[in-house]
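Contents: one structure, followed by commentary.
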Amino acid sequence: MFKPLRVAIAAACLMVSATLGIAQGPIVIKFSHVVAPDSPKGRAAEFFRSRVAARLGSRVRVEVYPNSTLYKDREELEALQLGVVQMLAPSLAKFSPLGIREFEVFDLPYLFDDYRAVHRITGGPIGARLLDKLEDKGIVGLAYWDNGFKDFSANRPLRKPEDFRGLKMRIQSSAVIDAQMRALGTRPEVMAFSDVHDALRTGMVDGTENPPSNFYTQGMHEVQKYLLRSSHGYLGYAVIVNKRFWDDLPGPVRRELQLAMREATEFANAIAERDNAQALEAVHRSGKTQIIVPTTAERAALKRALVDVHKSQASRVGGELIQAIYRETGFDPARK
């Protein structure tokens with residue numbers, strides 16, 4: 001949390017710097033995120049920085065702060081709304097504390113079969129309508145970036161639903177993910193991403209879920225014995241910017257930033273699948289984590305155990321939204 005005096009000073013400095021920066025330059029965009037620089041999001045943020053430099057030269061400077069250098073998960077949205085940072089790329093579940101629960105629909109287990117299904121939503125009218133909901137909170141949604149499909153990890157083998165019972169599993173703050181973990185008989189524990197490695201190392205939690213890129217770049221393969229290739233859920237990000245800052249930018253600058261963001265989004269989504277495959281291979285080469293590939297029957301059993309979460313969370317994320325995604329992607333909850 002921010003101290004009131006610090007907040008007041010930061011807000012005052014922002015208003016002055018924004019006014020002077022736009023008039024005199026350079027305009028500074030502080031882009032904060034919580035993952036490693038060599039993760040898909042970290043690389044995409046750096047790509048965006050380089051494209052802005054190429055397009056706008058010294059007029060705009062993007063400063064990227066990875067690995068929770070500035071703020072942890074629970075702090076960064078407040079920092080953006082206050083204008084202490086200008087740009088973030090939080091995971092989609094992070095918007096629920098703002099009262100926008102619909103973004104948690106992306107946390108429903110087994111909702112998307114592949115990236116093509118995801119992009120039918122994030123690149124279409126459903127995704128656009130969700131981003132529009134952020135404006136009332138002083139936020140402009142610019143794009144969706146893929147990270148990948150999540151796998152379960154723990155210090156005991158995981159193959160079937162009963163293997164999860166009794167485990168204490170780290171989750172990000174999401175009622176949907178909480179329900180998912182409870183459906184497996186685990187005890188979910190909300191924890192900042194930057195604290196997960198140490199929590200796994202010390203046994204504060206027994207396991208977690210991550211795309212392979214996050215699992216590897218955060219060194220979780222050093223403190224987790226088993227990784228189940230469940231691919232049970234999608235993890236993606238929304239690139240967002242402080243609305244007041246964005247609206248105050250000169251039109252030509254804003255248009256160039258939009259073009260740079262379009263390029264960065266194409267880059268982010270192109271590298272996500274490849275980077276996760278490379279991370280998985282790196283985990284295998286390390287010899288520290290055993291990778292378990294479920295059989296068709298084991299995957300079907302896990303899906304049966306989790307797909308009822310769609311029904312139980314419909315009142316939270318919106319039953320009509322879930323049905324609209326089903327129609328758009330062709331998902332059938334009865335199909336195993």
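We name chains A, B, ... following the order of the structure tokens; residues begin at 1 in each chain, and ligands are numbered from 1 as shown.
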
Determine, using only C-alpha atoms, which residues of segment 73-109 of chain A have any atom at most 12 Å from an atom of segment 147-156 of chain A, and tabulate each with its shortest atom pair and distance in Å to one decimal place, rows ordered by chain and then rising number, as JSON lines.
```
{"residue": "A:Ala89", "atom": "CA", "partner": "A:Asn147", "partner_atom": "CA", "distance": 11.0}
{"residue": "A:Pro90", "atom": "CA", "partner": "A:Asn147", "partner_atom": "CA", "distance": 11.1}
{"residue": "A:Ser91", "atom": "CA", "partner": "A:Asn147", "partner_atom": "CA", "distance": 9.1}
{"residue": "A:Leu92", "atom": "CA", "partner": "A:Asn147", "partner_atom": "CA", "distance": 11.0}
{"residue": "A:Phe106", "atom": "CA", "partner": "A:Phe149", "partner_atom": "CA", "distance": 11.1}
{"residue": "A:Asp107", "atom": "CA", "partner": "A:Lys150", "partner_atom": "CA", "distance": 10.2}
{"residue": "A:Leu108", "atom": "CA", "partner": "A:Lys150", "partner_atom": "CA", "distance": 11.6}
{"residue": "A:Pro109", "atom": "CA", "partner": "A:Lys150", "partner_atom": "CA", "distance": 9.6}
```

Preceding selection exported with N, CA and C atoms as an mmCIF file, in the first residue's frame:
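Just written: result_22.cif:
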```
data_model
loop_
_atom_site.group_PDB
_atom_site.id
_atom_site.type_symbol
_atom_site.label_atom_id
_atom_site.label_comp_id
_atom_site.auth_asym_id
_atom_site.auth_seq_id
_atom_site.Cartn_x
_atom_site.Cartn_y
_atom_site.Cartn_z
ATOM 1 N N ALA A 89 0.921 -4.721 -17.902
ATOM 2 C CA ALA A 89 0.365 -5.855 -18.650
ATOM 3 C C ALA A 89 -0.021 -6.941 -17.648
ATOM 4 N N PRO A 90 -1.026 -6.674 -16.816
ATOM 5 C CA PRO A 90 -1.403 -7.654 -15.785
ATOM 6 C C PRO A 90 -2.132 -8.851 -16.381
ATOM 7 N N SER A 91 -2.083 -9.959 -15.676
ATOM 8 C CA SER A 91 -2.881 -11.113 -16.093
ATOM 9 C C SER A 91 -4.356 -10.746 -15.974
ATOM 10 N N LEU A 92 -5.184 -11.412 -16.747
ATOM 11 C CA LEU A 92 -6.567 -10.983 -16.922
ATOM 12 C C LEU A 92 -7.391 -11.105 -15.648
ATOM 13 N N PHE A 106 -11.536 -15.975 -18.478
ATOM 14 C CA PHE A 106 -10.345 -16.575 -19.082
ATOM 15 C C PHE A 106 -9.687 -17.606 -18.170
ATOM 16 N N ASP A 107 -10.046 -17.601 -16.883
ATOM 17 C CA ASP A 107 -9.473 -18.548 -15.931
ATOM 18 C C ASP A 107 -10.226 -19.870 -15.888
ATOM 19 N N LEU A 108 -11.359 -19.971 -16.568
ATOM 20 C CA LEU A 108 -12.118 -21.220 -16.536
ATOM 21 C C LEU A 108 -11.276 -22.358 -17.114
ATOM 22 N N PRO A 109 -11.172 -23.475 -16.401
ATOM 23 C CA PRO A 109 -10.328 -24.579 -16.885
ATOM 24 C C PRO A 109 -10.879 -25.221 -18.145
#
```

(request) Give me every alpha helix (DSSP H) residue in segment 133-257 of chain A, going by DSSP on the backbone, as an NGL selection string. (result) :A and (175-183 or 196-202 or 212-217 or 243-248 or 251-257)

(request) Would you list the contacts of Leu280 of chain A as a list in words, taking every protein, DNA or RNA residue within 9 Å and counting only C-alpha atoms, but skipping same-chain residues closer than 6 positions in sequence? (result)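 Once the adjacent positions are removed, what remains is Pro212, Ser213, Phe215, Tyr216 and Ile291 of chain A.
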
Save the residues we just selected, N, CA and C atoms, as an mmCIF file, in the first residue's frame?
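Wrote it out as result33.cif, contents follow:
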```cif
data_model
loop_
_atom_site.group_PDB
_atom_site.id
_atom_site.type_symbol
_atom_site.label_atom_id
_atom_site.label_comp_id
_atom_site.auth_asym_id
_atom_site.auth_seq_id
_atom_site.Cartn_x
_atom_site.Cartn_y
_atom_site.Cartn_z
ATOM 1 N N PRO A 212 4.920 -23.121 -19.015
ATOM 2 C CA PRO A 212 6.324 -23.507 -18.871
ATOM 3 C C PRO A 212 7.293 -22.324 -18.860
ATOM 4 N N SER A 213 6.989 -21.257 -19.623
ATOM 5 C CA SER A 213 7.912 -20.117 -19.665
ATOM 6 C C SER A 213 8.067 -19.479 -18.296
ATOM 7 N N PHE A 215 7.369 -20.983 -15.411
ATOM 8 C CA PHE A 215 7.933 -22.027 -14.542
ATOM 9 C C PHE A 215 9.453 -22.048 -14.643
ATOM 10 N N TYR A 216 9.953 -21.933 -15.869
ATOM 11 C CA TYR A 216 11.405 -22.016 -16.062
ATOM 12 C C TYR A 216 12.112 -20.701 -15.732
ATOM 13 N N ILE A 291 8.851 -34.405 -15.990
ATOM 14 C CA ILE A 291 7.690 -33.954 -16.754
ATOM 15 C C ILE A 291 6.781 -35.148 -17.015
#
```

(request) For Lys41 of chain A, work out the shell of residues within 10 Å, counting only C-alpha atoms and skipping chain neighbours fewer than 5 positions away, then give it as a list in words. (result) His33, Val34, Val35, Ala36, Glu46, Phe47, Pro66, Ala89, Pro90, Trp145, Asp146, Asn147, Ser213, Asn214, Gly236, Tyr237, Val239, Ala264, Thr265, Ala268, Asn269, Ile271 and Ala272 of chain A

(request) Find the residue from A:Tyr144, A:Gly203, A:Ser230, A:Asp332 that sits nearest to Arg120 of chain A; use only C-alpha atoms when measuring. (result)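 Using only C-alpha atoms, the shortest distance to Arg120 of chain A belongs to A:Tyr144.
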
(message) If we count only C-alpha atoms and set the cut-off at 10 Å, which residues sit around Val140 of chain A, ignoring sequence neighbours fewer than 3 positions away in its own chain? Please answer as JSON, numbers by chain.
(response) {"A": [87, 131, 132, 133, 134, 135, 136, 137, 143, 238, 239, 240, 241, 242, 243, 244, 245, 246, 247]}

Please produce a file of the residues just selected, as an mmCIF file, in the first residue's frame, where the atoms kept are N, CA, C and O atoms.
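Just written: result-v1.cif:
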```cif
data_model
loop_
_atom_site.group_PDB
_atom_site.id
_atom_site.type_symbol
_atom_site.label_atom_id
_atom_site.label_comp_id
_atom_site.auth_asym_id
_atom_site.auth_seq_id
_atom_site.Cartn_x
_atom_site.Cartn_y
_atom_site.Cartn_z
ATOM 1 N N MET A 87 1.943 2.328 -17.761
ATOM 2 C CA MET A 87 1.560 1.143 -18.541
ATOM 3 C C MET A 87 1.858 -0.128 -17.758
ATOM 4 O O MET A 87 2.870 -0.233 -17.065
ATOM 5 N N LEU A 131 -12.453 -5.036 -22.839
ATOM 6 C CA LEU A 131 -11.505 -3.931 -22.641
ATOM 7 C C LEU A 131 -12.228 -2.605 -22.434
ATOM 8 O O LEU A 131 -11.776 -1.753 -21.658
ATOM 9 N N ASP A 132 -13.350 -2.417 -23.107
ATOM 10 C CA ASP A 132 -14.111 -1.171 -22.958
ATOM 11 C C ASP A 132 -14.583 -0.958 -21.524
ATOM 12 O O ASP A 132 -14.767 0.190 -21.091
ATOM 13 N N LYS A 133 -14.783 -2.032 -20.781
ATOM 14 C CA LYS A 133 -15.251 -1.917 -19.406
ATOM 15 C C LYS A 133 -14.221 -1.256 -18.484
ATOM 16 O O LYS A 133 -14.558 -0.792 -17.395
ATOM 17 N N LEU A 134 -12.972 -1.201 -18.922
ATOM 18 C CA LEU A 134 -11.916 -0.627 -18.084
ATOM 19 C C LEU A 134 -11.950 0.895 -18.043
ATOM 20 O O LEU A 134 -11.409 1.495 -17.108
ATOM 21 N N GLU A 135 -12.560 1.518 -19.015
ATOM 22 C CA GLU A 135 -12.478 2.978 -19.128
ATOM 23 C C GLU A 135 -13.097 3.698 -17.937
ATOM 24 O O GLU A 135 -12.608 4.740 -17.514
ATOM 25 N N ASP A 136 -14.161 3.144 -17.372
ATOM 26 C CA ASP A 136 -14.787 3.763 -16.203
ATOM 27 C C ASP A 136 -13.874 3.727 -14.980
ATOM 28 O O ASP A 136 -14.117 4.433 -14.001
ATOM 29 N N LYS A 137 -12.834 2.913 -15.041
ATOM 30 C CA LYS A 137 -11.875 2.800 -13.935
ATOM 31 C C LYS A 137 -10.624 3.628 -14.195
ATOM 32 O O LYS A 137 -9.631 3.508 -13.475
ATOM 33 N N ALA A 143 -4.405 -3.909 -25.725
ATOM 34 C CA ALA A 143 -4.176 -5.168 -26.436
ATOM 35 C C ALA A 143 -4.218 -6.336 -25.467
ATOM 36 O O ALA A 143 -4.117 -6.163 -24.243
ATOM 37 N N ALA A 238 -3.580 -8.301 -20.402
ATOM 38 C CA ALA A 238 -4.117 -7.133 -21.086
ATOM 39 C C ALA A 238 -3.109 -5.997 -20.910
ATOM 40 O O ALA A 238 -2.713 -5.688 -19.775
ATOM 41 N N VAL A 239 -2.670 -5.419 -21.992
ATOM 42 C CA VAL A 239 -1.773 -4.264 -21.916
ATOM 43 C C VAL A 239 -2.657 -3.032 -21.725
ATOM 44 O O VAL A 239 -3.552 -2.763 -22.531
ATOM 45 N N ILE A 240 -2.407 -2.327 -20.645
ATOM 46 C CA ILE A 240 -3.281 -1.211 -20.271
ATOM 47 C C ILE A 240 -2.457 0.036 -19.980
ATOM 48 O O ILE A 240 -1.261 -0.044 -19.669
ATOM 49 N N VAL A 241 -3.130 1.180 -20.068
ATOM 50 C CA VAL A 241 -2.464 2.456 -19.861
ATOM 51 C C VAL A 241 -3.384 3.375 -19.060
ATOM 52 O O VAL A 241 -4.619 3.247 -19.117
ATOM 53 N N ASN A 242 -2.792 4.261 -18.277
ATOM 54 C CA ASN A 242 -3.556 5.250 -17.524
ATOM 55 C C ASN A 242 -4.336 6.132 -18.494
ATOM 56 O O ASN A 242 -3.763 6.705 -19.424
ATOM 57 N N LYS A 243 -5.650 6.230 -18.306
ATOM 58 C CA LYS A 243 -6.510 6.916 -19.265
ATOM 59 C C LYS A 243 -6.198 8.410 -19.359
ATOM 60 O O LYS A 243 -6.154 8.977 -20.461
ATOM 61 N N ARG A 244 -5.973 9.049 -18.241
ATOM 62 C CA ARG A 244 -5.692 10.490 -18.287
ATOM 63 C C ARG A 244 -4.407 10.761 -19.064
ATOM 64 O O ARG A 244 -4.341 11.666 -19.903
ATOM 65 N N PHE A 245 -3.398 9.963 -18.778
ATOM 66 C CA PHE A 245 -2.131 10.096 -19.505
ATOM 67 C C PHE A 245 -2.346 9.875 -21.002
ATOM 68 O O PHE A 245 -1.874 10.649 -21.835
ATOM 69 N N TRP A 246 -3.078 8.819 -21.344
ATOM 70 C CA TRP A 246 -3.303 8.451 -22.738
ATOM 71 C C TRP A 246 -4.088 9.542 -23.473
ATOM 72 O O TRP A 246 -3.739 9.936 -24.583
ATOM 73 N N ASP A 247 -5.132 10.039 -22.849
ATOM 74 C CA ASP A 247 -5.975 11.054 -23.489
ATOM 75 C C ASP A 247 -5.251 12.378 -23.676
ATOM 76 O O ASP A 247 -5.573 13.153 -24.587
#
```

Long-range neighbours of Phe103 of chain A as a PDB file with C-alpha atoms, in the first residue's frame, 8 Å cut-off, only C-alpha atoms, 4 positions minimum in chain:
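Below is the file that was written, part.pdb:
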```
ATOM      1  CA  LEU A  92      -6.567 -10.983 -16.922  1.00  0.00           C
ATOM      2  CA  ALA A  93      -7.720 -12.101 -13.470  1.00  0.00           C
ATOM      3  CA  PHE A  95      -9.267  -6.790 -12.869  1.00  0.00           C
ATOM      4  CA  SER A  96     -11.748  -8.411 -10.472  1.00  0.00           C
ATOM      5  CA  LEU A 130     -14.287  -6.486 -22.150  1.00  0.00           C
ATOM      6  CA  VAL A 317     -18.302 -14.059 -14.614  1.00  0.00           C
TER       7      VAL A 317
END
```

(message) To one decimal place in Å, what is the distance between atom CA of Val253 of chain A and atom CA of Val84 of chain A?
(response) 20.4 Å

(request) Would you please work out which residue, of A:Ile292, A:Ala199, A:Leu82, A:Met204, is nearest to Leu227 of chain A when using only C-alpha atoms? (result)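 Between A:Ile292, A:Ala199, A:Leu82, A:Met204, the residue approaching Leu227 of chain A most closely is A:Ile292.
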
(request) Identify, on the basis of only C-alpha atoms, every residue whose closest approach to Arg327 of chain A does not exceed 12 Å; exclude the query and any residue fewer than 5 positions from it along the same chain; express the result as a ChimeraX atom specification. (result) /A:111,117,120-121,126,320-322,332-333

(request) Using atom CA of Gly185 of chain A and atom CA of Glu102 of chain A as the two end points, give the distance in Å to one decimal. (result)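 Computed distance, atom CA of Gly185 of chain A to atom CA of Glu102 of chain A, equals 25.0 Å.
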
(message) Which residue is closest to Ile100 of chain A? Choose from A:Arg55, A:Arg262, A:Arg129, A:His284 and count only C-alpha atoms.
(response)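 Counting only C-alpha atoms, the residue closest to Ile100 of chain A is A:Arg129.
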
(request) Check the DSSP output for the backbone and give back, as JSON, numbers by chain, the residues of segment 67-303 of chain A in strand (DSSP E or B). (result) {"A": [87, 88, 91, 139, 140, 141, 142, 143, 144, 145, 146, 147, 148, 149, 150, 151, 152, 153, 154, 168, 169, 170, 171, 187, 188, 189, 190, 207, 208, 209, 210, 226, 227, 228, 229, 230, 231, 232, 233, 234, 235, 236, 237, 238, 239, 240, 241, 242, 290, 291, 292]}

Using only C-alpha atoms, please write the residues we just selected to a file, as an mmCIF file, in the first residue's frame.
```cif
data_model
loop_
_atom_site.group_PDB
_atom_site.id
_atom_site.type_symbol
_atom_site.label_atom_id
_atom_site.label_comp_id
_atom_site.auth_asym_id
_atom_site.auth_seq_id
_atom_site.Cartn_x
_atom_site.Cartn_y
_atom_site.Cartn_z
ATOM 1 C CA MET A 87 1.560 1.143 -18.541
ATOM 2 C CA LEU A 88 1.089 -2.403 -17.250
ATOM 3 C CA SER A 91 -2.881 -11.113 -16.093
ATOM 4 C CA ILE A 139 -7.817 2.657 -17.669
ATOM 5 C CA VAL A 140 -7.524 2.169 -21.424
ATOM 6 C CA GLY A 141 -7.075 -1.385 -22.680
ATOM 7 C CA LEU A 142 -4.709 -1.493 -25.659
ATOM 8 C CA ALA A 143 -4.176 -5.168 -26.436
ATOM 9 C CA TYR A 144 -4.183 -8.774 -25.295
ATOM 10 C CA TRP A 145 -0.894 -10.676 -25.096
ATOM 11 C CA ASP A 146 -0.579 -14.453 -24.855
ATOM 12 C CA ASN A 147 1.553 -16.145 -22.287
ATOM 13 C CA GLY A 148 0.464 -19.720 -22.748
ATOM 14 C CA PHE A 149 -1.385 -22.707 -21.357
ATOM 15 C CA LYS A 150 -0.812 -23.591 -17.724
ATOM 16 C CA ASP A 151 0.514 -26.816 -16.233
ATOM 17 C CA PHE A 152 0.277 -28.037 -12.644
ATOM 18 C CA SER A 153 3.443 -28.614 -10.618
ATOM 19 C CA ALA A 154 4.069 -30.143 -7.198
ATOM 20 C CA LYS A 168 -1.561 -26.376 -0.701
ATOM 21 C CA MET A 169 -1.419 -24.681 -4.104
ATOM 22 C CA ARG A 170 -0.358 -21.118 -4.843
ATOM 23 C CA ILE A 171 -2.806 -19.183 -7.012
ATOM 24 C CA ARG A 187 -6.116 -25.708 -0.479
ATOM 25 C CA PRO A 188 -5.546 -22.598 -2.629
ATOM 26 C CA GLU A 189 -3.259 -19.866 -1.320
ATOM 27 C CA VAL A 190 -3.235 -16.415 -2.938
ATOM 28 C CA GLY A 207 2.705 -26.543 -5.805
ATOM 29 C CA THR A 208 1.245 -24.122 -8.303
ATOM 30 C CA GLU A 209 0.217 -23.655 -11.950
ATOM 31 C CA ASN A 210 2.141 -21.859 -14.670
ATOM 32 C CA TYR A 226 7.046 -32.844 -10.939
ATOM 33 C CA LEU A 227 5.321 -30.946 -13.743
ATOM 34 C CA LEU A 228 2.063 -32.296 -15.173
ATOM 35 C CA ARG A 229 1.513 -31.274 -18.796
ATOM 36 C CA SER A 230 -2.153 -30.577 -18.112
ATOM 37 C CA SER A 231 -2.500 -27.481 -20.335
ATOM 38 C CA HIS A 232 -5.687 -26.961 -18.358
ATOM 39 C CA GLY A 233 -6.034 -23.199 -18.533
ATOM 40 C CA TYR A 234 -4.994 -20.149 -20.492
ATOM 41 C CA LEU A 235 -2.850 -17.357 -19.061
ATOM 42 C CA GLY A 236 -2.945 -14.081 -20.928
ATOM 43 C CA TYR A 237 -2.410 -10.397 -20.264
ATOM 44 C CA ALA A 238 -4.117 -7.133 -21.086
ATOM 45 C CA VAL A 239 -1.773 -4.264 -21.916
ATOM 46 C CA ILE A 240 -3.281 -1.211 -20.271
ATOM 47 C CA VAL A 241 -2.464 2.456 -19.861
ATOM 48 C CA ASN A 242 -3.556 5.250 -17.524
ATOM 49 C CA GLN A 290 10.151 -34.851 -13.992
ATOM 50 C CA ILE A 291 7.690 -33.954 -16.754
ATOM 51 C CA ILE A 292 4.547 -36.082 -16.725
#
```

(message) Please report the interatomic distance between atom CA of Ser39 of chain A and atom CA of Thr217 of chain A in Å with one decimal.
(response)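 The value is 6.5 Å.
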